[in-house]
>>> print(open('target.cif').read())   # mmCIF, C-alpha atoms and all ligand atoms
data_target
loop_
_atom_site.group_PDB
_atom_site.id
_atom_site.type_symbol
_atom_site.label_atom_id
_atom_site.label_comp_id
_atom_site.auth_asym_id
_atom_site.auth_seq_id
_atom_site.Cartn_x
_atom_site.Cartn_y
_atom_site.Cartn_z
ATOM 1 C CA SER A 1 -2.822 -47.235 29.740
ATOM 2 C CA ALA A 2 -0.827 -46.056 26.813
ATOM 3 C CA LYS A 3 -3.600 -47.100 24.504
ATOM 4 C CA ALA A 4 -6.260 -45.078 26.332
ATOM 5 C CA GLU A 5 -3.880 -42.179 26.486
ATOM 6 C CA GLY A 6 -3.323 -42.468 22.765
ATOM 7 C CA ARG A 7 -7.050 -42.497 22.153
ATOM 8 C CA ASN A 8 -7.512 -39.410 24.323
ATOM 9 C CA ARG A 9 -4.773 -37.659 22.539
ATOM 10 C CA TYR A 10 -6.329 -38.589 19.218
ATOM 11 C CA GLN A 11 -9.669 -37.204 20.362
ATOM 12 C CA PHE A 12 -7.963 -34.107 21.565
ATOM 13 C CA TYR A 13 -6.256 -33.617 18.230
ATOM 14 C CA SER A 14 -9.314 -34.310 16.165
ATOM 15 C CA GLN A 15 -11.419 -31.912 18.211
ATOM 16 C CA ASP A 16 -8.690 -29.376 17.811
ATOM 17 C CA MET A 17 -8.582 -29.988 14.081
ATOM 18 C CA ALA A 18 -12.343 -29.758 13.744
ATOM 19 C CA GLU A 19 -12.296 -26.509 15.615
ATOM 20 C CA ARG A 20 -9.568 -25.182 13.438
ATOM 21 C CA SER A 21 -11.314 -26.090 10.220
ATOM 22 C CA ASN A 22 -14.455 -24.483 11.615
ATOM 23 C CA GLN A 23 -12.518 -21.319 12.256
ATOM 24 C CA ARG A 24 -11.123 -21.447 8.742
ATOM 25 C CA LEU A 25 -14.574 -21.787 7.263
ATOM 26 C CA HIS A 26 -15.773 -18.945 9.440
ATOM 27 C CA LEU A 27 -12.901 -16.723 8.295
ATOM 28 C CA GLU A 28 -13.339 -17.716 4.660
ATOM 29 C CA GLN A 29 -17.019 -16.759 4.693
ATOM 30 C CA GLY A 30 -16.240 -13.629 6.667
ATOM 31 C CA LEU A 31 -13.602 -12.655 4.155
ATOM 32 C CA ARG A 32 -16.048 -12.812 1.265
ATOM 33 C CA ARG A 33 -18.296 -10.397 3.143
ATOM 34 C CA ALA A 34 -15.365 -8.230 4.238
ATOM 35 C CA ILE A 35 -14.384 -7.374 0.674
ATOM 36 C CA ASP A 36 -17.706 -5.740 -0.151
ATOM 37 C CA GLY A 37 -18.498 -4.752 3.402
ATOM 38 C CA GLY A 38 -15.783 -2.175 3.868
ATOM 39 C CA GLN A 39 -13.812 -4.183 6.426
ATOM 40 C CA LEU A 40 -10.598 -4.161 4.418
ATOM 41 C CA THR A 41 -8.170 -1.278 4.447
ATOM 42 C CA LEU A 42 -4.703 -0.691 3.116
ATOM 43 C CA HIS A 43 -1.582 0.356 4.889
ATOM 44 C CA PHE A 44 1.475 1.558 3.022
ATOM 45 C CA GLN A 45 5.018 0.897 4.156
ATOM 46 C CA PRO A 46 7.720 3.224 2.834
ATOM 47 C CA GLN A 47 10.672 1.835 0.910
ATOM 48 C CA VAL A 48 13.786 3.968 1.264
ATOM 49 C CA THR A 49 17.233 4.448 -0.198
ATOM 50 C CA LEU A 50 20.246 3.581 1.924
ATOM 51 C CA PRO A 51 21.952 5.269 3.579
ATOM 52 C CA ASP A 52 20.088 8.557 3.046
ATOM 53 C CA ARG A 53 16.577 7.215 3.749
ATOM 54 C CA GLN A 54 14.760 8.962 0.931
ATOM 55 C CA ILE A 55 11.316 7.469 0.439
ATOM 56 C CA VAL A 56 11.199 6.153 -3.125
ATOM 57 C CA GLY A 57 8.224 3.838 -2.946
ATOM 58 C CA VAL A 58 5.618 2.160 -0.800
ATOM 59 C CA GLU A 59 4.353 -1.388 -0.395
ATOM 60 C CA ALA A 60 0.600 -1.818 -0.042
ATOM 61 C CA LEU A 61 -0.347 -4.249 2.750
ATOM 62 C CA VAL A 62 -3.930 -5.288 3.312
ATOM 63 C CA ARG A 63 -5.590 -5.109 6.744
ATOM 64 C CA TRP A 64 -8.809 -6.773 7.878
ATOM 65 C CA GLN A 65 -10.802 -5.194 10.657
ATOM 66 C CA HIS A 66 -13.159 -8.017 11.602
ATOM 67 C CA PRO A 67 -16.385 -6.848 13.326
ATOM 68 C CA GLU A 68 -16.050 -9.365 16.198
ATOM 69 C CA LEU A 69 -12.473 -10.597 16.108
ATOM 70 C CA GLY A 70 -10.775 -7.227 15.645
ATOM 71 C CA MET A 71 -7.707 -6.792 13.476
ATOM 72 C CA ILE A 72 -6.709 -10.052 11.790
ATOM 73 C CA PRO A 73 -3.168 -10.133 10.394
ATOM 74 C CA PRO A 74 -2.684 -11.055 6.714
ATOM 75 C CA ALA A 75 -0.489 -13.996 7.680
ATOM 76 C CA ARG A 76 -3.664 -15.488 9.128
ATOM 77 C CA PHE A 77 -6.132 -14.790 6.313
ATOM 78 C CA ILE A 78 -4.095 -14.608 3.083
ATOM 79 C CA PRO A 79 -3.376 -18.374 3.130
ATOM 80 C CA ILE A 80 -7.095 -19.028 3.634
ATOM 81 C CA ALA A 81 -7.923 -16.645 0.797
ATOM 82 C CA GLU A 82 -5.426 -18.444 -1.429
ATOM 83 C CA GLU A 83 -6.724 -21.936 -0.690
ATOM 84 C CA SER A 84 -10.376 -20.983 -1.033
ATOM 85 C CA GLY A 85 -10.005 -18.857 -4.136
ATOM 86 C CA VAL A 86 -11.219 -15.706 -2.365
ATOM 87 C CA ILE A 87 -7.783 -14.295 -3.208
ATOM 88 C CA ASP A 88 -9.006 -13.472 -6.722
ATOM 89 C CA ALA A 89 -11.562 -10.971 -5.455
ATOM 90 C CA LEU A 90 -9.284 -9.827 -2.649
ATOM 91 C CA GLY A 91 -6.381 -9.234 -5.021
ATOM 92 C CA ARG A 92 -8.566 -7.187 -7.346
ATOM 93 C CA TRP A 93 -9.763 -5.126 -4.385
ATOM 94 C CA VAL A 94 -6.203 -4.484 -3.197
ATOM 95 C CA LEU A 95 -4.891 -3.497 -6.614
ATOM 96 C CA GLU A 96 -7.823 -1.218 -7.343
ATOM 97 C CA HIS A 97 -7.703 0.563 -3.982
ATOM 98 C CA ALA A 98 -3.936 0.805 -3.797
ATOM 99 C CA CYS A 99 -3.888 2.416 -7.239
ATOM 100 C CA LEU A 100 -6.750 4.747 -6.343
ATOM 101 C CA GLU A 101 -5.188 5.907 -3.089
ATOM 102 C CA MET A 102 -1.780 6.421 -4.639
ATOM 103 C CA ALA A 103 -3.175 8.022 -7.788
ATOM 104 C CA GLY A 104 -4.718 10.556 -5.419
ATOM 105 C CA LEU A 105 -1.201 11.427 -4.241
ATOM 106 C CA LYS A 106 0.290 11.418 -7.684
ATOM 107 C CA ASP A 107 0.204 15.108 -8.487
ATOM 108 C CA GLY A 108 1.424 16.141 -5.080
ATOM 109 C CA LEU A 109 3.879 14.529 -2.762
ATOM 110 C CA GLY A 110 3.599 11.050 -4.158
ATOM 111 C CA GLY A 111 4.597 12.009 -7.689
ATOM 112 C CA GLN A 112 7.818 10.028 -7.821
ATOM 113 C CA LEU A 113 6.849 7.132 -5.600
ATOM 114 C CA HIS A 114 6.455 3.660 -6.949
ATOM 115 C CA LEU A 115 3.716 1.435 -5.588
ATOM 116 C CA ALA A 116 4.435 -2.208 -4.836
ATOM 117 C CA VAL A 117 1.531 -4.650 -4.595
ATOM 118 C CA ASN A 118 1.737 -8.280 -3.467
ATOM 119 C CA VAL A 119 0.339 -10.789 -5.928
ATOM 120 C CA SER A 120 -0.325 -14.429 -5.075
ATOM 121 C CA ALA A 121 0.655 -17.226 -7.440
ATOM 122 C CA ARG A 122 -2.950 -18.063 -8.186
ATOM 123 C CA GLU A 123 -3.755 -14.489 -9.249
ATOM 124 C CA PHE A 124 -0.577 -14.191 -11.276
ATOM 125 C CA MET A 125 -1.366 -17.351 -13.234
ATOM 126 C CA ARG A 126 -4.950 -16.415 -14.092
ATOM 127 C CA SER A 127 -5.580 -16.129 -17.796
ATOM 128 C CA ASP A 128 -7.292 -12.762 -17.340
ATOM 129 C CA PHE A 129 -4.644 -11.325 -15.004
ATOM 130 C CA ILE A 130 -2.996 -9.012 -17.527
ATOM 131 C CA ASP A 131 -6.292 -7.767 -18.944
ATOM 132 C CA ALA A 132 -7.649 -7.042 -15.481
ATOM 133 C CA LEU A 133 -4.439 -5.225 -14.606
ATOM 134 C CA ARG A 134 -4.587 -3.095 -17.738
ATOM 135 C CA GLU A 135 -8.200 -2.271 -17.040
ATOM 136 C CA THR A 136 -7.503 -1.299 -13.414
ATOM 137 C CA LEU A 137 -4.691 1.022 -14.468
ATOM 138 C CA ALA A 138 -6.928 2.678 -17.051
ATOM 139 C CA ARG A 139 -9.800 3.070 -14.606
ATOM 140 C CA THR A 140 -7.731 4.430 -11.721
ATOM 141 C CA GLY A 141 -5.384 6.561 -13.791
ATOM 142 C CA PHE A 142 -2.391 5.097 -12.009
ATOM 143 C CA PRO A 143 0.726 5.040 -14.244
ATOM 144 C CA ALA A 144 1.948 1.553 -15.172
ATOM 145 C CA ALA A 145 5.554 2.736 -14.923
ATOM 146 C CA ALA A 146 5.081 3.438 -11.210
ATOM 147 C CA LEU A 147 3.602 0.017 -10.456
ATOM 148 C CA GLU A 148 5.594 -2.917 -9.146
ATOM 149 C CA LEU A 149 4.265 -6.407 -8.484
ATOM 150 C CA GLU A 150 5.777 -8.511 -5.706
ATOM 151 C CA ILE A 151 5.724 -12.219 -6.376
ATOM 152 C CA THR A 152 7.474 -15.029 -4.519
ATOM 153 C CA GLU A 153 9.884 -17.631 -5.757
ATOM 154 C CA SER A 154 7.188 -20.289 -5.704
ATOM 155 C CA THR A 155 5.164 -18.289 -8.231
ATOM 156 C CA LEU A 156 7.994 -18.770 -10.702
ATOM 157 C CA GLN A 157 7.848 -22.550 -10.557
ATOM 158 C CA THR A 158 5.674 -22.798 -13.638
ATOM 159 C CA ILE A 159 8.423 -21.295 -15.720
ATOM 160 C CA ASP A 160 6.923 -21.205 -19.202
ATOM 161 C CA ARG A 161 3.746 -19.538 -18.088
ATOM 162 C CA SER A 162 5.499 -17.069 -15.792
ATOM 163 C CA LEU A 163 7.926 -16.130 -18.565
ATOM 164 C CA GLU A 164 4.959 -15.277 -20.741
ATOM 165 C CA ILE A 165 3.312 -13.143 -18.060
ATOM 166 C CA LEU A 166 6.576 -11.437 -17.113
ATOM 167 C CA GLY A 167 7.006 -10.554 -20.769
ATOM 168 C CA GLU A 168 3.547 -8.996 -20.875
ATOM 169 C CA LEU A 169 4.266 -7.001 -17.730
ATOM 170 C CA LYS A 170 7.514 -5.748 -19.192
ATOM 171 C CA LYS A 171 5.667 -4.553 -22.289
ATOM 172 C CA LEU A 172 3.281 -2.633 -20.061
ATOM 173 C CA GLY A 173 6.193 -1.091 -18.176
ATOM 174 C CA ILE A 174 5.253 -2.726 -14.879
ATOM 175 C CA ALA A 175 8.148 -3.758 -12.632
ATOM 176 C CA VAL A 176 8.398 -7.112 -10.864
ATOM 177 C CA SER A 177 10.202 -7.997 -7.664
ATOM 178 C CA ILE A 178 10.851 -11.295 -5.916
ATOM 179 C CA ASP A 179 9.505 -11.077 -2.377
ATOM 180 C CA ASP A 180 10.905 -12.994 0.608
ATOM 181 C CA PHE A 181 13.944 -13.827 -1.480
ATOM 182 C CA GLY A 182 16.109 -16.593 -0.068
ATOM 183 C CA THR A 183 13.304 -18.480 1.640
ATOM 184 C CA GLY A 184 12.115 -20.399 -1.432
ATOM 185 C CA TYR A 185 14.074 -22.692 -3.652
ATOM 186 C CA SER A 186 14.284 -20.967 -7.003
ATOM 187 C CA SER A 187 17.468 -21.895 -8.750
ATOM 188 C CA LEU A 188 19.764 -19.038 -9.526
ATOM 189 C CA SER A 189 19.936 -20.007 -13.184
ATOM 190 C CA VAL A 190 16.180 -19.566 -13.432
ATOM 191 C CA LEU A 191 16.497 -16.079 -12.054
ATOM 192 C CA ARG A 192 19.050 -15.240 -14.716
ATOM 193 C CA ASN A 193 16.603 -15.916 -17.495
ATOM 194 C CA LEU A 194 13.690 -13.936 -16.100
ATOM 195 C CA PRO A 195 13.026 -10.230 -16.530
ATOM 196 C CA ILE A 196 12.989 -9.423 -12.818
ATOM 197 C CA ASP A 197 13.670 -5.855 -11.711
ATOM 198 C CA ARG A 198 14.278 -6.269 -8.033
ATOM 199 C CA ILE A 199 15.023 -8.748 -5.281
ATOM 200 C CA LYS A 200 13.620 -8.291 -1.798
ATOM 201 C CA ILE A 201 15.828 -10.023 0.742
ATOM 202 C CA ASP A 202 13.674 -11.724 3.357
ATOM 203 C CA ARG A 203 13.758 -10.308 6.840
ATOM 204 C CA SER A 204 14.698 -13.672 8.371
ATOM 205 C CA PHE A 205 18.275 -12.961 7.190
ATOM 206 C CA ILE A 206 18.297 -9.566 8.867
ATOM 207 C CA HIS A 207 17.047 -9.896 12.402
ATOM 208 C CA ASP A 208 20.292 -11.246 13.885
ATOM 209 C CA LEU A 209 22.641 -9.893 11.263
ATOM 210 C CA GLN A 210 25.006 -8.490 13.904
ATOM 211 C CA HIS A 211 25.472 -11.838 15.619
ATOM 212 C CA ASN A 212 25.178 -14.278 12.772
ATOM 213 C CA PRO A 213 28.152 -14.458 10.381
ATOM 214 C CA ASP A 214 26.394 -17.073 8.233
ATOM 215 C CA GLY A 215 23.380 -14.841 7.728
ATOM 216 C CA ALA A 216 25.661 -11.951 6.862
ATOM 217 C CA ALA A 217 27.533 -14.095 4.331
ATOM 218 C CA ILE A 218 24.260 -15.080 2.675
ATOM 219 C CA VAL A 219 23.132 -11.464 2.429
ATOM 220 C CA LYS A 220 26.480 -10.533 0.885
ATOM 221 C CA ALA A 221 26.098 -13.309 -1.656
ATOM 222 C CA MET A 222 22.578 -12.174 -2.541
ATOM 223 C CA VAL A 223 23.771 -8.600 -3.005
ATOM 224 C CA ALA A 224 26.531 -9.790 -5.318
ATOM 225 C CA LEU A 225 24.059 -11.949 -7.217
ATOM 226 C CA ALA A 226 21.629 -9.096 -7.708
ATOM 227 C CA GLU A 227 24.435 -6.852 -8.869
ATOM 228 C CA SER A 228 25.712 -9.282 -11.452
ATOM 229 C CA LEU A 229 22.179 -9.856 -12.742
ATOM 230 C CA ARG A 230 21.641 -6.084 -12.798
ATOM 231 C CA MET A 231 18.702 -6.266 -10.435
ATOM 232 C CA ASP A 232 17.930 -3.795 -7.690
ATOM 233 C CA ILE A 233 17.942 -4.946 -4.128
ATOM 234 C CA ILE A 234 15.790 -4.058 -1.185
ATOM 235 C CA VAL A 235 16.201 -5.474 2.296
ATOM 236 C CA GLU A 236 13.077 -6.185 4.332
ATOM 237 C CA GLY A 237 12.681 -5.993 8.073
ATOM 238 C CA ILE A 238 15.345 -3.438 8.995
ATOM 239 C CA GLU A 239 14.613 -2.562 12.607
ATOM 240 C CA THR A 240 17.824 -1.064 13.969
ATOM 241 C CA ALA A 241 20.257 1.630 12.868
ATOM 242 C CA GLU A 242 23.050 -0.886 13.354
ATOM 243 C CA GLN A 243 21.487 -3.212 10.787
ATOM 244 C CA ALA A 244 21.140 -0.320 8.347
ATOM 245 C CA VAL A 245 24.821 0.505 8.751
ATOM 246 C CA ILE A 246 25.922 -3.089 8.189
ATOM 247 C CA LEU A 247 23.676 -3.430 5.144
ATOM 248 C CA THR A 248 24.896 -0.165 3.676
ATOM 249 C CA ARG A 249 28.448 -1.398 4.070
ATOM 250 C CA MET A 250 27.468 -4.545 2.179
ATOM 251 C CA GLY A 251 26.258 -2.407 -0.693
ATOM 252 C CA CYS A 252 22.483 -2.571 -0.158
ATOM 253 C CA ALA A 253 20.929 0.518 -1.680
ATOM 254 C CA GLY A 254 17.336 -0.047 -0.623
ATOM 255 C CA GLY A 255 15.563 -0.862 2.612
ATOM 256 C CA GLN A 256 12.194 -1.315 4.240
ATOM 257 C CA GLY A 257 11.435 -1.843 7.899
ATOM 258 C CA TYR A 258 10.199 -0.516 11.208
ATOM 259 C CA LEU A 259 13.363 1.597 11.547
ATOM 260 C CA PHE A 260 12.078 3.827 8.765
ATOM 261 C CA SER A 261 8.343 3.365 9.182
ATOM 262 C CA ARG A 262 5.736 0.772 9.981
ATOM 263 C CA PRO A 263 2.989 0.216 7.429
ATOM 264 C CA ILE A 264 0.666 3.260 7.813
ATOM 265 C CA PRO A 265 -2.618 4.598 6.414
ATOM 266 C CA VAL A 266 -2.320 6.935 3.446
ATOM 267 C CA ALA A 267 -3.130 9.998 5.594
ATOM 268 C CA ASP A 268 -0.079 9.269 7.757
ATOM 269 C CA LEU A 269 1.996 8.637 4.666
ATOM 270 C CA ILE A 270 1.145 12.114 3.414
ATOM 271 C CA LYS A 271 2.317 13.593 6.726
ATOM 272 C CA LEU A 272 5.490 11.549 6.606
ATOM 273 C CA LEU A 273 6.242 12.713 3.074
ATOM 274 C CA ALA A 274 5.748 16.289 4.179
ATOM 275 C CA THR A 275 8.385 15.902 6.898
ATOM 276 C CA PRO A 276 11.633 17.231 5.411
ATOM 277 C CA ASP A 277 13.996 14.457 6.523
ATOM 278 C CA GLY A 278 11.394 11.722 6.278
ATOM 279 C CA ASP A 279 11.611 11.235 10.022
ATOM 280 C CA ASN A 280 8.574 9.352 11.256
ATOM 281 C CA GLY A 281 9.048 10.342 14.863
HETATM 282 P P1 LIG A 301 5.446 -9.312 2.781
HETATM 283 O O1 LIG A 301 4.925 -9.016 1.438
HETATM 284 O O2 LIG A 301 6.798 -9.883 2.868
HETATM 285 O O3 LIG A 301 5.330 -7.930 3.590
HETATM 286 C C1 LIG A 301 6.222 -7.518 4.576
HETATM 287 C C2 LIG A 301 5.730 -7.874 5.947
HETATM 288 O O4 LIG A 301 6.747 -7.598 6.888
HETATM 289 C C3 LIG A 301 4.525 -7.036 6.393
HETATM 290 O O5 LIG A 301 3.717 -7.835 7.255
HETATM 291 C C4 LIG A 301 5.189 -5.925 7.187
HETATM 292 O O6 LIG A 301 4.339 -5.316 8.133
HETATM 293 C C5 LIG A 301 6.289 -6.697 7.863
HETATM 294 N N1 LIG A 301 7.398 -5.832 8.249
HETATM 295 C C6 LIG A 301 7.863 -4.753 7.619
HETATM 296 N N2 LIG A 301 8.940 -4.227 8.247
HETATM 297 C C7 LIG A 301 9.165 -5.015 9.311
HETATM 298 C C8 LIG A 301 10.132 -4.994 10.364
HETATM 299 O O7 LIG A 301 11.007 -4.140 10.441
HETATM 300 N N3 LIG A 301 10.046 -5.978 11.304
HETATM 301 C C9 LIG A 301 9.090 -6.951 11.232
HETATM 302 N N4 LIG A 301 9.080 -7.877 12.203
HETATM 303 N N5 LIG A 301 8.162 -7.000 10.260
HETATM 304 C C10 LIG A 301 8.196 -6.035 9.312
HETATM 305 P P2 LIG A 301 2.147 -7.920 7.088
HETATM 306 O O8 LIG A 301 1.580 -6.609 6.662
HETATM 307 O O9 LIG A 301 1.620 -8.569 8.316
HETATM 308 O O10 LIG A 301 1.981 -8.915 5.856
HETATM 309 C C11 LIG A 301 2.398 -10.239 5.925
HETATM 310 C C12 LIG A 301 2.357 -10.897 4.575
HETATM 311 O O11 LIG A 301 1.004 -11.020 4.108
HETATM 312 C C13 LIG A 301 3.067 -10.120 3.480
HETATM 313 O O12 LIG A 301 4.455 -10.321 3.569
HETATM 314 C C14 LIG A 301 2.440 -10.719 2.247
HETATM 315 O O13 LIG A 301 3.044 -11.954 1.933
HETATM 316 C C15 LIG A 301 1.023 -10.963 2.699
HETATM 317 N N6 LIG A 301 0.176 -9.851 2.234
HETATM 318 C C16 LIG A 301 -0.091 -8.659 2.817
HETATM 319 N N7 LIG A 301 -0.927 -7.913 2.061
HETATM 320 C C17 LIG A 301 -1.176 -8.658 0.950
HETATM 321 C C18 LIG A 301 -1.966 -8.442 -0.244
HETATM 322 O O14 LIG A 301 -2.578 -7.391 -0.454
HETATM 323 N N8 LIG A 301 -1.995 -9.467 -1.159
HETATM 324 C C19 LIG A 301 -1.305 -10.636 -0.967
HETATM 325 N N9 LIG A 301 -1.385 -11.591 -1.913
HETATM 326 N N10 LIG A 301 -0.537 -10.865 0.111
HETATM 327 C C20 LIG A 301 -0.475 -9.884 1.058
HETATM 328 MG MG MG A 302 5.658 -8.043 -0.101
HETATM 329 MG MG MG A 303 8.472 -10.094 2.142
HETATM 330 MG MG MG A 304 5.441 -12.555 1.581
#
>>> encode(input="target.cif", output="structure tokens", more="lines below")
Ligand code: C2E
Ligand code: MG
Ligand code: MG
Ligand code: MG
Amino acid sequence: SAKAEGRNRYQFYSQDMAERSNQRLHLEQGLRRAIDGGQLTLHFQPQVTLPDRQIVGVEALVRWQHPELGMIPPARFIPIAEESGVIDALGRWVLEHACLEMAGLKDGLGGQLHLAVNVSAREFMRSDFIDALRETLARTGFPAAALELEITESTLQTIDRSLEILGELKKLGIAVSIDDFGTGYSSLSVLRNLPIDRIKIDRSFIHDLQHNPDGAAIVKAMVALAESLRMDIIVEGIETAEQAVILTRMGCAGGQGYLFSRPIPVADLIKLLATPDGDNG
């Protein structure tokens, strides 16, 4: 009967849910151990100028090599870290190690590169965020002027507090970019009043750029917006030369994506920087 079927389905769902929350708990506990246990690493993805593809910066992206489950993508564990509060320790680990690894490059090939680090809303809003940041920069010797923090539109929802923090960052000489731009719902007037250096156009607008006039129109509008607000622009998720050409024509001066390089360990980054035309082969 429909009723029995409904009950079965309910049982199925609730078992499924229980299993999923078990997995979450398992990952959450594993993540706490991973931070101190050397299971986290960083990859760096080059950010380039368009159309000449000069590497001008890198974005640090965390990786978790789980002892039993193998490589777990950040899309799977960052939300768990955020909800459980583990993100505070994880974020400190990422910032510290990204600065250390890039500070190591500073005097050589990496001298002019900026380093972009993702920061979750919860970290950004912490009362000790700025102090911890200042301390990390001092300890690692990484220059504040070469650091950029990537936040999302949702982080800006608590406007008064974010204005205060953005002001502090500006004083320190740290740049701020809006990640995944276009996927949130920040009003454009809000953007106008915030000291934001750069907008990162989300890759969802890029993947079918050639075949989607609406997507192309939106990208054009975002480029115009950034220009009038005197913000830099970088387009995420560029995978084909054709996309790069279209975006260049639209006036995008910065890009990031598999076309140029995947996120790579620092050793590979050094090799890439040593290659004259930045070709990653
Ligand atoms: P994000 O900050 O928007 O980072 C860009 C993501 O797009 C990365 O995924 C990168 O590998 C991927 N990507 C880059 N180019 C291409 C491309 O051409 N095609 C496609 N399909 N993808 C491309 P990843 O490393 O899996 O990270 C996913 C998200 O996890 C990040 O998105 C960010 O929101 C979060 N995340 C990663 N590391 C950290 C971290 O250290 N702290 C925090 N709070 N979040 C992080
Ligand atoms: Mg990012
Ligand atoms: Mg993004
Ligand atoms: Mg993101």
>>> residues_around(input="target.cif", residues="Gln29 in chain A", least_positions_apart="2", cutoff="12 Å", atoms="all atoms listed in the file", output="list in words")
Asn22, Gln23, Arg24, Leu25, His26, Leu27, Leu31, Arg32, Arg33, Ala34, Ile35, His66, Phe77, Ile80, Ala81, Ser84, Gly85 and Val86 of chain A
>>> write_last_selection(input="target.cif", atoms="C-alpha atoms", output="CSV table (one decimal), keeping the file's coordinate frame")
chain,number,residue,atom,x,y,z
A,22,ASN,CA,-14.5,-24.5,11.6
A,23,GLN,CA,-12.5,-21.3,12.3
A,24,ARG,CA,-11.1,-21.4,8.7
A,25,LEU,CA,-14.6,-21.8,7.3
A,26,HIS,CA,-15.8,-18.9,9.4
A,27,LEU,CA,-12.9,-16.7,8.3
A,31,LEU,CA,-13.6,-12.7,4.2
A,32,ARG,CA,-16.0,-12.8,1.3
A,33,ARG,CA,-18.3,-10.4,3.1
A,34,ALA,CA,-15.4,-8.2,4.2
A,35,ILE,CA,-14.4,-7.4,0.7
A,66,HIS,CA,-13.2,-8.0,11.6
A,77,PHE,CA,-6.1,-14.8,6.3
A,80,ILE,CA,-7.1,-19.0,3.6
A,81,ALA,CA,-7.9,-16.6,0.8
A,84,SER,CA,-10.4,-21.0,-1.0
A,85,GLY,CA,-10.0,-18.9,-4.1
A,86,VAL,CA,-11.2,-15.7,-2.4
>>> atom_distance(input="target.cif", atom1="CA of Val48 in chain A", atom2="CA of Glu242 in chain A")
16.0 Å
>>> closest_atom_pairs(input="target.cif", of="chain A", to="ligand MG 302 (chain A)", cutoff="6 Å", atoms="all atoms listed in the file", output="Markdown table")
| residue | atom | partner | partner_atom | distance |
| --- | --- | --- | --- | --- |
| A:Asn118 | CA | A:MG302 | MG | 5.2 |
| A:Glu150 | CA | A:MG302 | MG | 5.6 |
| A:Asp179 | CA | A:MG302 | MG | 5.4 |
>>> resolve_selection(input="target.cif", expression="the PyMOL selection byres (((not hetatm)) within 8 of (chain A and resi 301))", output="PyMOL selection string")
chain A and resi 42-43+45+59-63+73-75+78+82+87+90-91+94-95+117-120+150+179-180+202-203+236-239+256-259+261-263
>>> closest_residue(input="target.cif", among="A:Ile201, A:Ala244, A:Ala226, A:Ile264", to="ligand MG 304 (chain A)", atoms="all atoms listed in the file")
A:Ile201
>>> atom_distance(input="target.cif", atom1="CA of Leu69 in chain A", atom2="CA of Ser21 in chain A")
16.6 Å
>>> atom_distance(input="target.cif", atom1="CA of Glu101 in chain A", atom2="CA of Pro195 in chain A")
27.8 Å
>>> resolve_selection(input="target.cif", expression="the PyMOL selection byres (((chain A and resi 144) around 10) and not hetatm)", output="MDAnalysis selection string")
chainID A and resid 99 114:115 133:134 137:138 141:143 145:148 169 172:175
>>> decode(input="target.cif", residues="range 118-129 of chain A", atoms="N, CA and C atoms", output="PDB file, in the first residue's frame")
ATOM      1  N   ASN A 118      41.654  31.956   1.139  1.00  0.00           N
ATOM      2  CA  ASN A 118      40.214  31.967   1.394  1.00  0.00           C
ATOM      3  C   ASN A 118      39.934  32.090   2.886  1.00  0.00           C
ATOM      4  N   VAL A 119      38.997  32.936   3.228  1.00  0.00           N
ATOM      5  CA  VAL A 119      38.631  33.118   4.630  1.00  0.00           C
ATOM      6  C   VAL A 119      37.116  32.962   4.773  1.00  0.00           C
ATOM      7  N   SER A 120      36.700  32.081   5.657  1.00  0.00           N
ATOM      8  CA  SER A 120      35.274  31.868   5.893  1.00  0.00           C
ATOM      9  C   SER A 120      34.689  32.994   6.735  1.00  0.00           C
ATOM     10  N   ALA A 121      33.376  33.169   6.607  1.00  0.00           N
ATOM     11  CA  ALA A 121      32.690  34.244   7.327  1.00  0.00           C
ATOM     12  C   ALA A 121      32.982  34.184   8.827  1.00  0.00           C
ATOM     13  N   ARG A 122      32.911  32.996   9.365  1.00  0.00           N
ATOM     14  CA  ARG A 122      33.094  32.826  10.802  1.00  0.00           C
ATOM     15  C   ARG A 122      34.477  33.302  11.280  1.00  0.00           C
ATOM     16  N   GLU A 123      35.509  32.978  10.472  1.00  0.00           N
ATOM     17  CA  GLU A 123      36.860  33.432  10.815  1.00  0.00           C
ATOM     18  C   GLU A 123      36.959  34.949  10.724  1.00  0.00           C
ATOM     19  N   PHE A 124      36.399  35.461   9.640  1.00  0.00           N
ATOM     20  CA  PHE A 124      36.483  36.892   9.337  1.00  0.00           C
ATOM     21  C   PHE A 124      35.864  37.724  10.450  1.00  0.00           C
ATOM     22  N   MET A 125      34.789  37.195  11.039  1.00  0.00           N
ATOM     23  CA  MET A 125      34.029  37.932  12.046  1.00  0.00           C
ATOM     24  C   MET A 125      34.594  37.771  13.459  1.00  0.00           C
ATOM     25  N   ARG A 126      35.569  36.907  13.630  1.00  0.00           N
ATOM     26  CA  ARG A 126      36.114  36.703  14.979  1.00  0.00           C
ATOM     27  C   ARG A 126      36.768  37.975  15.507  1.00  0.00           C
ATOM     28  N   SER A 127      36.597  38.197  16.793  1.00  0.00           N
ATOM     29  CA  SER A 127      37.116  39.445  17.361  1.00  0.00           C
ATOM     30  C   SER A 127      38.644  39.473  17.332  1.00  0.00           C
ATOM     31  N   ASP A 128      39.269  38.286  17.315  1.00  0.00           N
ATOM     32  CA  ASP A 128      40.737  38.277  17.332  1.00  0.00           C
ATOM     33  C   ASP A 128      41.340  38.061  15.931  1.00  0.00           C
ATOM     34  N   PHE A 129      40.484  38.173  14.899  1.00  0.00           N
ATOM     35  CA  PHE A 129      40.953  37.871  13.547  1.00  0.00           C
ATOM     36  C   PHE A 129      42.128  38.759  13.120  1.00  0.00           C
TER      37      PHE A 129
END
